[in-house]
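Shown next, in structure tokens, is the structure this report addresses.
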Amino acid sequence: MVEEAGTRIHVDPGPGALVRAIQAGIDPENIDAFVLTHRHLDHSADINTLIEAKTMGGWNPGGKVFAPEDALSGEDPVIYRYHRKNLDEVRVISEESSFNMGSIKLKCAMKHQHHGVETYGLIFENESWRLAYITDGKYQEEMLKAYEGSDAVIINTTFRKPRELDHMSLEDAVTLLKGIKPRLGIIYHFGMEILRMGLVKAAQYVEENSGVKTIPAKEFTAVSFESGFRVEKIKLKNPLGFSPYWK
Ligand SMILES: [Zn+2]
Ligand SMILES: [Zn+2]
């Protein structure tokens, strides 16, 4: 979730995203837009659930969705056509797309190579900060240019060492952070190798080898850009994940 001056953009709502939002005290009705970087299940499983919650089952239409073409059309779209009539806008994203949402500008930075699925990395920015979300995909040297000038960079880091698969590794994260030189690196999207290694240890490895402060994106981690990129733990409003209406 990217939030700035009352505008909320939910990115890649994977399994459990609705429950996690409620635990954190985020009312889905107050989310303005949903973005999918690509159609894989771990990035889209809760998109329909969240649209249903946002629009109160269609009784309160509104909100926007930005997603690649193959998430919306073809034989197996991941966003139900049934829901789309309840949204203000459904936009197909492609390379060079950019959208304004409140004070946030959202740009598709580049197309990633990722198992033949249409996949786009994103840049969020306003006057005082720039955040890159380098989503799933194989490391490509063009990434250094596409995401340059970012203050904070989220890198989907699945493996410890590079493999011939369309995902990045801790070593790729080091290369990206050394090249982009942000103030903060955030590693995310861990495979079993990294989970067994330990997230803190993995982030330490990246930090020591890149020279860039790096944290793992654990659940309920927040970064406040206004407070000098301070890393905070979100205080849960509904720890059990029950709806606040169930009293
Ligand atoms: Zn994927
Ligand atoms: Zn993924």
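We name chains A, B, ... following the order of the structure tokens; residues begin at 1 in each chain, and ligands are numbered from 1 as shown.
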Non-local contacts of stretch 23-36 of chain A (8 Å; only C-alpha atoms; under 2 positions in same chain excluded) as a ChimeraX atom specification = /A:7-13,18-21,38-39,43-44,47,50,53-56,63-68,220,234-242
inquiry  = Report as a PyMOL selection string all protein, DNA and RNA residues lying within 10 Å of A:Tyr120, evaluated on only C-alpha atoms, omitting residues in the same chain fewer than 2 positions from it.
reply    = chain A and resi 36-38+67-68+93-97+107-114+117-118+122-123+133-137
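Of the listed residues (A:Val153, A:Ala45, A:Leu195, A:Val212), A:Ala45 comes nearest to ligand 2; the distances count only C-alpha atoms and all ligand atoms.
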request  = Per DSSP on the backbone, filter stretch 6-214 of chain A down to the residues in strand (DSSP E) and report them as number ranges by chain.
outcome  = A: 7-11, 33-35, 64-68, 89-93, 98-101, 104-111, 120-125, 130-134, 152-159, 168-169, 184-188, 214
Write the residues of the preceding selection, restricted to C-alpha atoms, as a compact mmCIF listing (two decimals), in the first residue's frame.
```txt
# COMPACT_ATOMS: atom_id res chain seq x y z
CA THR A 7 -4.67 8.87 -1.40
CA ARG A 8 -4.25 5.11 -1.02
CA ILE A 9 -2.99 2.79 -3.76
CA HIS A 10 -3.01 -0.94 -3.05
CA VAL A 11 -0.38 -2.80 -5.06
CA ALA A 33 -6.89 2.37 -6.65
CA PHE A 34 -5.56 -1.14 -7.08
CA VAL A 35 -2.55 -1.94 -9.24
CA LYS A 64 -9.79 2.42 -10.14
CA VAL A 65 -7.88 -0.61 -11.29
CA PHE A 66 -4.64 -0.55 -13.28
CA ALA A 67 -3.47 -3.88 -14.69
CA PRO A 68 -1.70 -5.41 -17.69
CA GLU A 89 -12.05 3.14 -14.25
CA VAL A 90 -10.21 0.04 -15.43
CA ARG A 91 -6.99 0.89 -17.27
CA VAL A 92 -4.62 -1.32 -19.16
CA ILE A 93 -1.01 -0.55 -18.24
CA SER A 98 1.66 7.06 -16.20
CA PHE A 99 -1.28 8.07 -14.04
CA ASN A 100 -1.94 10.74 -11.43
CA MET A 101 -3.74 9.77 -8.26
CA ILE A 104 1.03 10.62 -6.33
CA LYS A 105 2.27 10.02 -9.86
CA LEU A 106 2.42 6.35 -10.81
CA LYS A 107 4.59 5.28 -13.74
CA CYS A 108 5.34 1.94 -15.35
CA ALA A 109 9.13 1.98 -15.34
CA MET A 110 9.84 -1.03 -17.55
CA LYS A 111 8.56 -4.38 -18.73
CA TYR A 120 5.70 -4.13 -15.19
CA GLY A 121 7.89 -2.57 -12.50
CA LEU A 122 6.53 0.64 -11.03
CA ILE A 123 7.66 4.04 -9.83
CA PHE A 124 5.58 6.11 -7.41
CA GLU A 125 6.58 9.71 -6.93
CA ARG A 130 10.42 8.59 -5.43
CA LEU A 131 9.72 4.93 -4.64
CA ALA A 132 10.57 2.09 -7.04
CA TYR A 133 8.86 -1.29 -6.90
CA ILE A 134 11.05 -3.71 -8.84
CA ALA A 152 13.64 3.90 -1.73
CA VAL A 153 13.63 0.69 -3.75
CA ILE A 154 11.57 -2.44 -3.11
CA ILE A 155 13.17 -5.47 -4.80
CA ASN A 156 11.39 -8.80 -5.19
CA THR A 157 14.27 -11.02 -4.15
CA THR A 158 13.41 -14.70 -4.34
CA PHE A 159 16.74 -16.60 -4.36
CA MET A 168 16.01 -12.04 -8.74
CA SER A 169 18.46 -13.06 -6.01
CA LEU A 184 16.75 2.65 1.59
CA GLY A 185 16.56 -0.83 0.06
CA ILE A 186 13.63 -3.10 0.90
CA ILE A 187 13.83 -6.77 -0.01
CA TYR A 188 10.60 -8.68 -0.47
CA THR A 214 18.42 -2.53 3.68
```
ask   = Looking at only C-alpha atoms and all ligand atoms, which of A:Gly57, A:Gly149, A:Gly74, A:Gly191 is the one that sits closest to ligand 2?
value = A:Gly191
remark   = In Å and to one decimal, atom CA of A:Glu52 is distant from atom CA of A:Pro15 by 14.9 Å
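Minimum distance to A:Ala5 across A:Ala71, A:Glu142, A:Phe190, A:Glu226 (counting only C-alpha atoms) occurs at A:Glu226.
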inquiry  = Please extract the residues of stretch 117-196 of chain A with a backbone DSSP assignment of alpha helix (DSSP H) and present them as number ranges by chain.
reply    = A: 143-146, 170-180, 192-196
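For the residues A:Lys213, A:Lys201, A:His167, A:Lys138, ranking by smallest atom-to-atom distance to ligand 2 using only C-alpha atoms and all ligand atoms places A:His167 first.
For the set A:His189, A:Glu164, A:Leu176, A:Asp46, the residue with the smallest atom-to-atom gap to ligand 2 is A:His189, counting only C-alpha atoms and all ligand atoms.
Atom CA of A:Ser210 to atom CA of A:Pro182 spans 10.5 Å [interatomic distance, one decimal].
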Straight-line distance linking atom CA of A:Val206 with atom CA of A:Lys181, stated in Å to one decimal = 12.6 Å
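Each of A:Thr119, A:Asp76, A:Glu232, A:Ala17 was compared to ligand 1 using only C-alpha atoms and all ligand atoms, and A:Thr119 turns out to be the nearest.
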message = Taking 4 positions as the minimum chain separation for residues in the same chain, which residues sit within 10 Å of A:Phe225 when counting only C-alpha atoms? Answer as a PyMOL selection string.
response = chain A and resi 4+128-131+151-152+229-231
Emit the selected residues as a PDB file, in the first residue's frame, including N, CA and C atoms.
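Generated file (part_25.pdb):
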```
ATOM      1  N   GLU A   4      -0.421   8.658   0.568  1.00  0.00           N
ATOM      2  CA  GLU A   4       0.118  10.023   0.615  1.00  0.00           C
ATOM      3  C   GLU A   4      -1.068  10.990   0.624  1.00  0.00           C
ATOM      4  N   SER A 128       8.423  15.296  -3.302  1.00  0.00           N
ATOM      5  CA  SER A 128       9.545  15.116  -2.372  1.00  0.00           C
ATOM      6  C   SER A 128      10.135  13.718  -2.299  1.00  0.00           C
ATOM      7  N   TRP A 129       9.549  12.713  -2.958  1.00  0.00           N
ATOM      8  CA  TRP A 129      10.155  11.374  -2.901  1.00  0.00           C
ATOM      9  C   TRP A 129       9.845  10.557  -4.149  1.00  0.00           C
ATOM     10  N   ARG A 130      10.652   9.525  -4.327  1.00  0.00           N
ATOM     11  CA  ARG A 130      10.420   8.585  -5.431  1.00  0.00           C
ATOM     12  C   ARG A 130      10.660   7.170  -4.908  1.00  0.00           C
ATOM     13  N   LEU A 131       9.662   6.314  -5.098  1.00  0.00           N
ATOM     14  CA  LEU A 131       9.716   4.927  -4.639  1.00  0.00           C
ATOM     15  C   LEU A 131       9.648   4.001  -5.852  1.00  0.00           C
ATOM     16  N   ASP A 151      14.472   7.141  -4.170  1.00  0.00           N
ATOM     17  CA  ASP A 151      14.900   7.302  -2.770  1.00  0.00           C
ATOM     18  C   ASP A 151      14.798   5.990  -2.009  1.00  0.00           C
ATOM     19  N   ALA A 152      13.796   5.217  -2.345  1.00  0.00           N
ATOM     20  CA  ALA A 152      13.636   3.899  -1.727  1.00  0.00           C
ATOM     21  C   ALA A 152      13.294   2.908  -2.831  1.00  0.00           C
ATOM     22  N   PHE A 229      12.452   8.538   6.046  1.00  0.00           N
ATOM     23  CA  PHE A 229      12.452   7.099   5.725  1.00  0.00           C
ATOM     24  C   PHE A 229      12.544   6.238   6.992  1.00  0.00           C
ATOM     25  N   ARG A 230      11.849   6.705   8.016  1.00  0.00           N
ATOM     26  CA  ARG A 230      11.848   5.953   9.273  1.00  0.00           C
ATOM     27  C   ARG A 230      11.048   4.661   9.090  1.00  0.00           C
ATOM     28  N   VAL A 231      11.609   3.566   9.603  1.00  0.00           N
ATOM     29  CA  VAL A 231      10.936   2.262   9.489  1.00  0.00           C
ATOM     30  C   VAL A 231      10.139   2.044  10.772  1.00  0.00           C
TER      31      VAL A 231
END
```
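Near A:Glu148, within 8 Å and counting only C-alpha atoms, sit Leu144, Lys145 and Ile180 of chain A, not including residues fewer than 3 positions from it in the same chain.
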Could you take the residues named above and write them with C-alpha atoms, as a CSV table (one decimal), in the first residue's frame?
```
chain,number,residue,atom,x,y,z
A,144,LEU,CA,19.6,0.4,-13.3
A,145,LYS,CA,18.5,3.2,-15.7
A,180,ILE,CA,20.7,3.0,-8.1
```
